[in-house]
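Colleague: Encoded as structure tokens, here's the structure I'll be asking about.
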Number of protein chains: 4
Amino acid sequence: MAAFTDKKERITALMHGKDRPGIVARVSGWIYARGGNILHADQHHDNENGIFFQRVEWVPAGGVAEEVELFKKLAEGELEMELKISVSSAKPKLAIMVSKFEHCFIDLIMRVRMGELDCDISCVISNHEKLRALSETFGLKFYCVSVSAENKAAAEARQIEILRECGADLIVMARYMQILSPEFLRNCGAPVINIHHSFLPAFAGAKPYHQAYRRGVKIIGATAHYATADLDEGPIIAQDVTTISHRNTVDDLIRKGRELERTVLASAVRWHLQNRILAYKNKTVVFD
Amino acid sequence: MAAFTDKKERITALMHGKDRPGIVARVSGWIYARGGNILHADQHHDNENGIFFQRVEWVPAGGVAEEVELFKKLAEGELEMELKISVSSAKPKLAIMVSKFEHCFIDLIMRVRMGELDCDISCVISNHEKLRALSETFGLKFYCVSVSAENKAAAEARQIEILRECGADLIVMARYMQILSPEFLRNCGAPVINIHHSFLPAFAGAKPYHQAYRRGVKIIGATAHYATADLDEGPIIAQDVTTISHRNTVDDLIRKGRELERTVLASAVRWHLQNRILAYKNKTVVFD
Amino acid sequence: MAAFTDKKERITALMHGKDRPGIVARVSGWIYARGGNILHADQHHDNENGIFFQRVEWVPAGGVAEEVELFKKLAEGELEMELKISVSSAKPKLAIMVSKFEHCFIDLIMRVRMGELDCDISCVISNHEKLRALSETFGLKFYCVSVSAENKAAAEARQIEILRECGADLIVMARYMQILSPEFLRNCGAPVINIHHSFLPAFAGAKPYHQAYRRGVKIIGATAHYATADLDEGPIIAQDVTTISHRNTVDDLIRKGRELERTVLASAVRWHLQNRILAYKNKTVVFD
Amino acid sequence: MAAFTDKKERITALMHGKDRPGIVARVSGWIYARGGNILHADQHHDNENGIFFQRVEWVPAGGVAEEVELFKKLAEGELEMELKISVSSAKPKLAIMVSKFEHCFIDLIMRVRMGELDCDISCVISNHEKLRALSETFGLKFYCVSVSAENKAAAEARQIEILRECGADLIVMARYMQILSPEFLRNCGAPVINIHHSFLPAFAGAKPYHQAYRRGVKIIGATAHYATADLDEGPIIAQDVTTISHRNTVDDLIRKGRELERTVLASAVRWHLQNRILAYKNKTVVFD
């Protein structure tokens, strides 16, 4: 362990499949036998459904490409697991979709600048011009694609074209105020993370802070989830809440909520970029 | 202020009504002119609905009974407010309804013992015998009233009889697993506080921890609210939450939830006993 | 109340002094008699020390300047209170001192942009050039004043000169990594808010996250306080914490701490700008 | 996994020692080769100090006693680890030391009753008679041992005698207001968990709520730690905090603190009973 430095290339494998005895022993034994050094290993058993989950991060003794190929055979072949595998030198590309609210957007940019999110922002796609100047100030490619009820299919086709051109390993809806169609989600080529400004499943749909105010709750929240065809129903990745009182107006809720939206979305994105999330059966396992 | 000791009798007035200028000046001026010493005063304006709320606690210079009578004239007559007024020497009576889960029940007993809840427990009503021994250990009157689909009306009539006999200024459902009928709520003669084991409005209804587990949320909660004819829809008094992860089973959720249920229910009961809560339009103002 | 619009000029008075009966009645009666409309009023009694505190915010019926003059006579003269009074049309000036860490700095800029902090940033003073480009991108005046053990007095004199030139109603140390001398604090002409990256009084001094890591605490925090001649001992305005575990490295603590530092500092600055804070006897009353 | 029922005896091993590659593979391979079924496995690397930590819980295929013996050889012999090993059928004995405050004491009793803490309470030792009746109500053996400056050594000798007689795998100071001598801690025969009513290291020593009130902090806490010869300096197991404001008196702090003390102490005791805690270098690893 002592000899490990951050410079060495690391492999991260995320896998899940039918649970059975001996998987942990087989995986750790395999890596050890090939001279690899396991940095982190975490596993989870869903006893109800008989599913096994594992995340393992290691430094191989030899070539990374060969190790990845052989590990695929082990995991997908012998162990019959679904596998996501990544290497630390491949920096993922992040595409941001945003409308007019800038708090989550700027927050993501800053975290990339500070090295907190290890990725490149490949493009910004918005349905408004408002954030062009700010995007360009930070050297980001900005594309405005107007969306209306009439042009929705064409607009989404154009968005997918941009995503293909710029590259996107992950798409983040940083308060993008349009609903993505099932077709878009099928064809966009990357998972999509959305931030919903309520503690889901409470207050799904539009204007959740207004809903919360009317119901008189004492706590509000924010939820980051993978976008699926079922609006606000995708697998939840991260949630956080804050207290409110009768003194707080809807504007206060919106202000307080912005804090939550920023940190909850950033956590979800970071975990995804670090290959810590496994989604299954509309839930997530987060190896944090 | 310096001369005030806790032994002097205090009056607490809670009022609300149509907002208009000068109410605070009138109330504080009235108390001051009569030689009273204001200990706490808090007010709130609901600007949306034009409603004014105030809680004021003071030590009168002269007799308490006369002060209360005259203040009623001021508040209800001149200022046209709805008023709840209480004096510190009158210890309120608490009736507890409980089924088999004992955590909230014991918690309430302990807080009364330790002086944290300033009230007397006048009776315990349960639909099971399970907690009789424990109740009697602590010197509490315990009544078992079985409830079934068939005898519900008769059972509730018997419960109301008990409540009348023993006296109840506040009824607390400390995980009482029966739904109280609208008739009961109309006739029981006291407000009813319930603890629901979820972060309402998420997961209303039965088995909320199971619902939360299935939905894969990352945070669970508990909600204390006044019971109304609309199940789980009454004015929310207090809420709290705790984080969970994919590692937590339903049993873990139940265990973690017990902490929340105890503290959230206790806060709601304490605030009610201290005349800190005004319910209106299905919301609450809590002067905490 | 209904007729009130945000456009009307508001006066906010913050005062404290010897407690005695009748102050609330006198203040509210005075405002009401002159036709003023009280929007918010909050008071606090420190019974231990016999001190009364009040914050009152109102829309006067007539001219603001005259109302302010007359209110000063009431509060400082008749009631013998210390008074801070402000009018909503006078936008305060914020001077930011910063070194190399940018998270709090950018956070403050963004909140001013979004209208969350109602002030103008009059200047940025740093002991490094690193944040010049970013400052100028956002149109801010940036001054680099190098500080060393040798030139400290001269550097502080130059900083004070800049503050005088640009104007500063509040100075914020947004992770400014130099200790301000008592002379600076006496002469800088405005209160100074600092963010300390620990839960004070635990881990005062340098490298608090390293201290926390070594001690093995399970929770870390951040503290915003007014800077005084006693380092890390000034009146605490706001604190927040987050949980950590044995899995977290010092780098994780630093990352998690950044979230706290941003929100805690922003809350303290917002409360100060809204005239919500009264400091006395090394503590604060925050009317939030 | 599917075939596992809670009735089967489980073995839990906690170990730590010099880190080196292959330990995880060796341990999991060993258990698997003998037909065991791993229920949970968690490990941690302290990269700074080169220490490896592991907790593994499994159901052996054959006899428990033999498996334990053989595993000791593996862990202590071959792998040179320090090992704590326990079997699920052996219910640990809990001894409670308490003075006059009953909130933590009753809380522990209730959690044992509800099955939340899987142990037997072997005895209650107090330096006051106050909690005898309550203890005996719950069928607990109660021993009063008065402690004064003069008789301290003799009193501690008597306490150790009681602990030996009744049996104690864990001793809990549930607000026991005497300092245990280094001799007691050496000779009492079991680890000791203490609850300190502050967020350590802030406000060590006596009357922490008064200290916190004087310093004007905005958050208070509680800390459960192993008792060592250095007062309030032992390895921290669990901490929690709650917010306070200028409105809160010392009495409010004490009341709010009671909530924290109960839950923090209970968590620490539960984790210890479940063999989840490894203490080293004045810190803890908690596999929760």
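Each chain of the structure tokens is named A, B, ... in the order shown, its residues numbered from 1; ligands are numbered from 1 in display order.
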Using only C-alpha atoms and a cut-off of 9 Å, which residues of chain A sit close to chain B? Please list them as an mmCIF file with N, CA and C atoms, in the first residue's frame.
Modeller:
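After the write, part.cif holds the following:
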```cif
data_model
loop_
_atom_site.group_PDB
_atom_site.id
_atom_site.type_symbol
_atom_site.label_atom_id
_atom_site.label_comp_id
_atom_site.auth_asym_id
_atom_site.auth_seq_id
_atom_site.Cartn_x
_atom_site.Cartn_y
_atom_site.Cartn_z
ATOM 1 N N HIS A 44 -22.339 -5.399 -1.819
ATOM 2 C CA HIS A 44 -23.660 -5.334 -1.203
ATOM 3 C C HIS A 44 -24.487 -6.509 -1.699
ATOM 4 N N HIS A 45 -25.238 -7.111 -0.774
ATOM 5 C CA HIS A 45 -26.155 -8.188 -1.132
ATOM 6 C C HIS A 45 -27.577 -7.675 -0.972
ATOM 7 N N ASP A 46 -28.372 -7.757 -2.004
ATOM 8 C CA ASP A 46 -29.805 -7.525 -1.851
ATOM 9 C C ASP A 46 -30.427 -8.882 -1.565
ATOM 10 N N PHE A 199 -38.349 16.971 -2.178
ATOM 11 C CA PHE A 199 -38.017 15.685 -1.601
ATOM 12 C C PHE A 199 -38.962 14.647 -2.207
ATOM 13 N N LEU A 200 -38.576 14.087 -3.332
ATOM 14 C CA LEU A 200 -39.424 13.089 -3.992
ATOM 15 C C LEU A 200 -39.592 11.866 -3.091
ATOM 16 N N PRO A 201 -40.758 11.197 -3.116
ATOM 17 C CA PRO A 201 -41.872 11.386 -4.039
ATOM 18 C C PRO A 201 -42.834 12.498 -3.642
ATOM 19 N N ALA A 202 -42.552 13.275 -2.590
ATOM 20 C CA ALA A 202 -43.446 14.392 -2.282
ATOM 21 C C ALA A 202 -43.250 15.469 -3.342
ATOM 22 N N PHE A 203 -44.324 16.053 -3.784
ATOM 23 C CA PHE A 203 -44.276 17.219 -4.659
ATOM 24 C C PHE A 203 -43.555 16.960 -5.978
ATOM 25 N N ARG A 214 -47.886 25.502 0.213
ATOM 26 C CA ARG A 214 -49.324 25.354 0.426
ATOM 27 C C ARG A 214 -49.641 24.248 1.426
ATOM 28 N N ARG A 215 -48.869 23.158 1.373
ATOM 29 C CA ARG A 215 -49.141 22.038 2.275
ATOM 30 C C ARG A 215 -48.674 22.335 3.699
ATOM 31 N N GLY A 216 -47.814 23.346 3.845
ATOM 32 C CA GLY A 216 -47.369 23.700 5.192
ATOM 33 C C GLY A 216 -46.377 22.726 5.790
ATOM 34 N N VAL A 217 -45.535 22.129 4.957
ATOM 35 C CA VAL A 217 -44.499 21.238 5.508
ATOM 36 C C VAL A 217 -43.459 22.050 6.272
ATOM 37 N N LYS A 218 -42.727 21.370 7.130
ATOM 38 C CA LYS A 218 -41.714 22.035 7.941
ATOM 39 C C LYS A 218 -40.300 21.752 7.427
ATOM 40 N N ILE A 219 -40.210 20.970 6.382
ATOM 41 C CA ILE A 219 -38.919 20.582 5.807
ATOM 42 C C ILE A 219 -39.090 20.540 4.284
ATOM 43 N N GLU A 233 -39.770 9.824 -11.636
ATOM 44 C CA GLU A 233 -39.905 8.494 -11.052
ATOM 45 C C GLU A 233 -38.629 7.673 -11.209
ATOM 46 N N PRO A 235 -34.628 6.292 -10.761
ATOM 47 C CA PRO A 235 -33.895 5.861 -9.559
ATOM 48 C C PRO A 235 -33.260 7.049 -8.846
ATOM 49 N N ILE A 236 -33.531 7.157 -7.559
ATOM 50 C CA ILE A 236 -33.026 8.268 -6.748
ATOM 51 C C ILE A 236 -31.568 8.023 -6.400
ATOM 52 N N ILE A 237 -30.728 9.032 -6.614
ATOM 53 C CA ILE A 237 -29.302 8.925 -6.315
ATOM 54 C C ILE A 237 -28.967 9.609 -4.998
ATOM 55 N N ALA A 238 -29.459 10.831 -4.805
ATOM 56 C CA ALA A 238 -29.103 11.606 -3.616
ATOM 57 C C ALA A 238 -30.252 12.527 -3.253
ATOM 58 N N GLN A 239 -30.412 12.757 -1.959
ATOM 59 C CA GLN A 239 -31.439 13.674 -1.477
ATOM 60 C C GLN A 239 -30.880 14.444 -0.289
ATOM 61 N N ASP A 240 -31.353 15.646 -0.119
ATOM 62 C CA ASP A 240 -31.035 16.371 1.103
ATOM 63 C C ASP A 240 -32.205 17.295 1.414
ATOM 64 N N VAL A 241 -32.258 17.745 2.654
ATOM 65 C CA VAL A 241 -33.383 18.553 3.118
ATOM 66 C C VAL A 241 -32.894 19.690 3.991
ATOM 67 N N THR A 243 -34.724 22.688 7.005
ATOM 68 C CA THR A 243 -35.939 23.039 7.736
ATOM 69 C C THR A 243 -36.464 24.404 7.300
ATOM 70 N N SER A 245 -39.928 27.291 8.294
ATOM 71 C CA SER A 245 -40.943 27.593 9.302
ATOM 72 C C SER A 245 -42.030 28.443 8.678
ATOM 73 N N HIS A 246 -43.045 28.737 9.492
ATOM 74 C CA HIS A 246 -44.148 29.561 9.000
ATOM 75 C C HIS A 246 -43.663 30.939 8.557
ATOM 76 N N ARG A 247 -42.496 31.358 9.020
ATOM 77 C CA ARG A 247 -41.978 32.682 8.642
ATOM 78 C C ARG A 247 -41.486 32.724 7.207
ATOM 79 N N ASN A 282 -35.329 0.405 -10.302
ATOM 80 C CA ASN A 282 -35.718 1.758 -9.914
ATOM 81 C C ASN A 282 -35.149 2.245 -8.580
ATOM 82 N N LYS A 283 -34.053 1.645 -8.139
ATOM 83 C CA LYS A 283 -33.335 2.102 -6.957
ATOM 84 C C LYS A 283 -31.863 2.228 -7.321
ATOM 85 N N THR A 284 -31.088 2.772 -6.416
ATOM 86 C CA THR A 284 -29.644 2.814 -6.652
ATOM 87 C C THR A 284 -28.893 2.243 -5.460
ATOM 88 N N VAL A 285 -27.779 1.639 -5.756
ATOM 89 C CA VAL A 285 -26.755 1.320 -4.769
ATOM 90 C C VAL A 285 -25.659 2.350 -4.985
ATOM 91 N N VAL A 286 -25.329 3.108 -3.950
ATOM 92 C CA VAL A 286 -24.274 4.120 -4.068
ATOM 93 C C VAL A 286 -23.128 3.729 -3.139
ATOM 94 N N PHE A 287 -22.013 3.323 -3.723
ATOM 95 C CA PHE A 287 -20.834 2.959 -2.931
ATOM 96 C C PHE A 287 -20.059 4.232 -2.609
#
```
Colleague: Using DSSP on the backbone coordinates, identify all residues within segment 256-287 of chain C classified as helix (DSSP H, G or I); present the result as a list in words.
Modeller: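 Residues meeting the helix (DSSP H, G or I) criterion: Lys256, Gly257, Arg258, Glu259, Leu260, Glu261, Arg262, Thr263, Val264, Leu265, Ala266, Ser267, Ala268, Val269, Arg270, Trp271, His272 and Leu273 of chain C.
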Colleague: Name all residues at most 12 Å from segment 65-80 of chain A (count only C-alpha atoms; drop same-chain ones fewer than 6 positions away) and give them as a PyMOL selection string.
Modeller: chain A and resi 9-31+34-36+51-59+86-90
Colleague: What residues in segment 40-241 of chain A get the DSSP label strand (DSSP E)? Please answer as a ChimeraX atom specification.
Modeller: /A:40-46,51-59,82-87,93-98,120-126,142-144,170-173,192-196,219-226,236-241
Colleague: Choose the residue, out of C:Ile254, C:Leu185, C:Lys84, C:Ile179, that has the smallest atom-to-atom separation from Ala149 of chain C; count only C-alpha atoms.
Modeller: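 Among the listed residues, C:Ile179 lies closest to Ala149 of chain C.
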Colleague: Residues within 8 Å of segment 117-119 of chain C, please, as a PyMOL selection string. Count only C-alpha atoms; anything in the same chain fewer than 5 positions from it doesn't count.
Modeller: chain C and resi 91-94+108+111-112+269-270+273
Colleague: Grab the residues selected above and save them as a compact mmCIF listing (two decimals), in the first residue's frame with N, CA and C atoms.
Modeller:
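Everything below was put into out32.txt:
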```txt
# COMPACT_ATOMS: atom_id res chain seq x y z
N LYS C 91 -27.90 50.90 -0.71
CA LYS C 91 -27.31 49.59 -0.93
C LYS C 91 -25.93 49.52 -0.28
N PRO C 92 -25.68 48.59 0.62
CA PRO C 92 -24.38 48.55 1.29
C PRO C 92 -23.28 48.06 0.35
N LYS C 93 -22.05 48.48 0.69
CA LYS C 93 -20.88 48.09 -0.09
C LYS C 93 -20.10 46.99 0.63
N LEU C 94 -19.76 46.00 -0.14
CA LEU C 94 -19.07 44.83 0.40
C LEU C 94 -17.64 44.80 -0.16
N LEU C 108 -19.82 34.07 -3.16
CA LEU C 108 -20.35 35.40 -2.82
C LEU C 108 -20.71 36.17 -4.09
N ARG C 111 -23.97 34.89 -5.49
CA ARG C 111 -25.16 35.27 -4.71
C ARG C 111 -25.50 36.74 -4.90
N VAL C 112 -24.51 37.56 -5.09
CA VAL C 112 -24.80 38.96 -5.40
C VAL C 112 -25.49 39.04 -6.77
N VAL C 269 -23.15 36.76 6.07
CA VAL C 269 -23.10 38.01 5.31
C VAL C 269 -24.53 38.51 5.04
N ARG C 270 -25.40 37.61 4.66
CA ARG C 270 -26.79 37.99 4.38
C ARG C 270 -27.46 38.59 5.61
N LEU C 273 -26.09 42.03 6.26
CA LEU C 273 -26.59 43.02 5.30
C LEU C 273 -28.05 43.37 5.56
```
Colleague: Atom CA of Leu83 of chain A and atom CA of Ser181 of chain A, how far apart in Å?
Modeller: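 Answer for the atom CA of Ser181 of chain A to atom CA of Leu83 of chain A separation: 27.2 Å.
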Colleague: Could you tell me how far atom CA of Arg158 of chain C lies from atom CA of Val145 of chain C, in Å and to one decimal?
Modeller: 7.5 Å
Colleague: Name the residues in contact with Ser126 of chain C at a cut-off of 6 Å, using only C-alpha atoms, excluding same-chain residues fewer than 4 positions from it; report them as a ChimeraX atom specification.
Modeller: /C:97-99,144
Colleague: Limited to all heavy atoms, could you put the picked residues into a file as a compact mmCIF listing (two decimals), in the first residue's frame?
Modeller:
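Saved result, part16.txt, follows:
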```
# COMPACT_ATOMS: atom_id res chain seq x y z
N MET C 97 -11.91 40.26 1.00
CA MET C 97 -10.49 39.93 1.11
C MET C 97 -10.35 38.43 0.91
O MET C 97 -11.09 37.65 1.51
CB MET C 97 -9.95 40.36 2.47
CG MET C 97 -10.08 41.88 2.69
SD MET C 97 -9.38 42.47 4.25
CE MET C 97 -7.62 42.44 3.87
N VAL C 98 -9.41 38.03 0.06
CA VAL C 98 -9.31 36.63 -0.31
C VAL C 98 -7.86 36.30 -0.63
O VAL C 98 -7.10 37.20 -1.03
CB VAL C 98 -10.25 36.34 -1.52
CG1 VAL C 98 -9.82 37.12 -2.75
CG2 VAL C 98 -10.37 34.86 -1.82
N SER C 99 -7.46 35.04 -0.45
CA SER C 99 -6.10 34.65 -0.84
C SER C 99 -6.17 33.83 -2.13
O SER C 99 -6.36 34.39 -3.18
CB SER C 99 -5.43 33.89 0.30
OG SER C 99 -5.21 34.77 1.38
N CYS C 144 -4.09 43.76 -5.66
CA CYS C 144 -3.19 42.81 -5.04
C CYS C 144 -2.25 43.55 -4.10
O CYS C 144 -1.53 44.47 -4.51
CB CYS C 144 -2.39 42.06 -6.12
SG CYS C 144 -1.28 40.83 -5.39
```
Colleague: I need the residue nearest Pro191 of chain C from this list: C:Ser122, C:Thr228, C:Gln178, C:Gln211. Use only C-alpha atoms for the distance.
Modeller: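 Of C:Ser122, C:Thr228, C:Gln178, C:Gln211, the one nearest Pro191 of chain C is C:Thr228, counting only C-alpha atoms.
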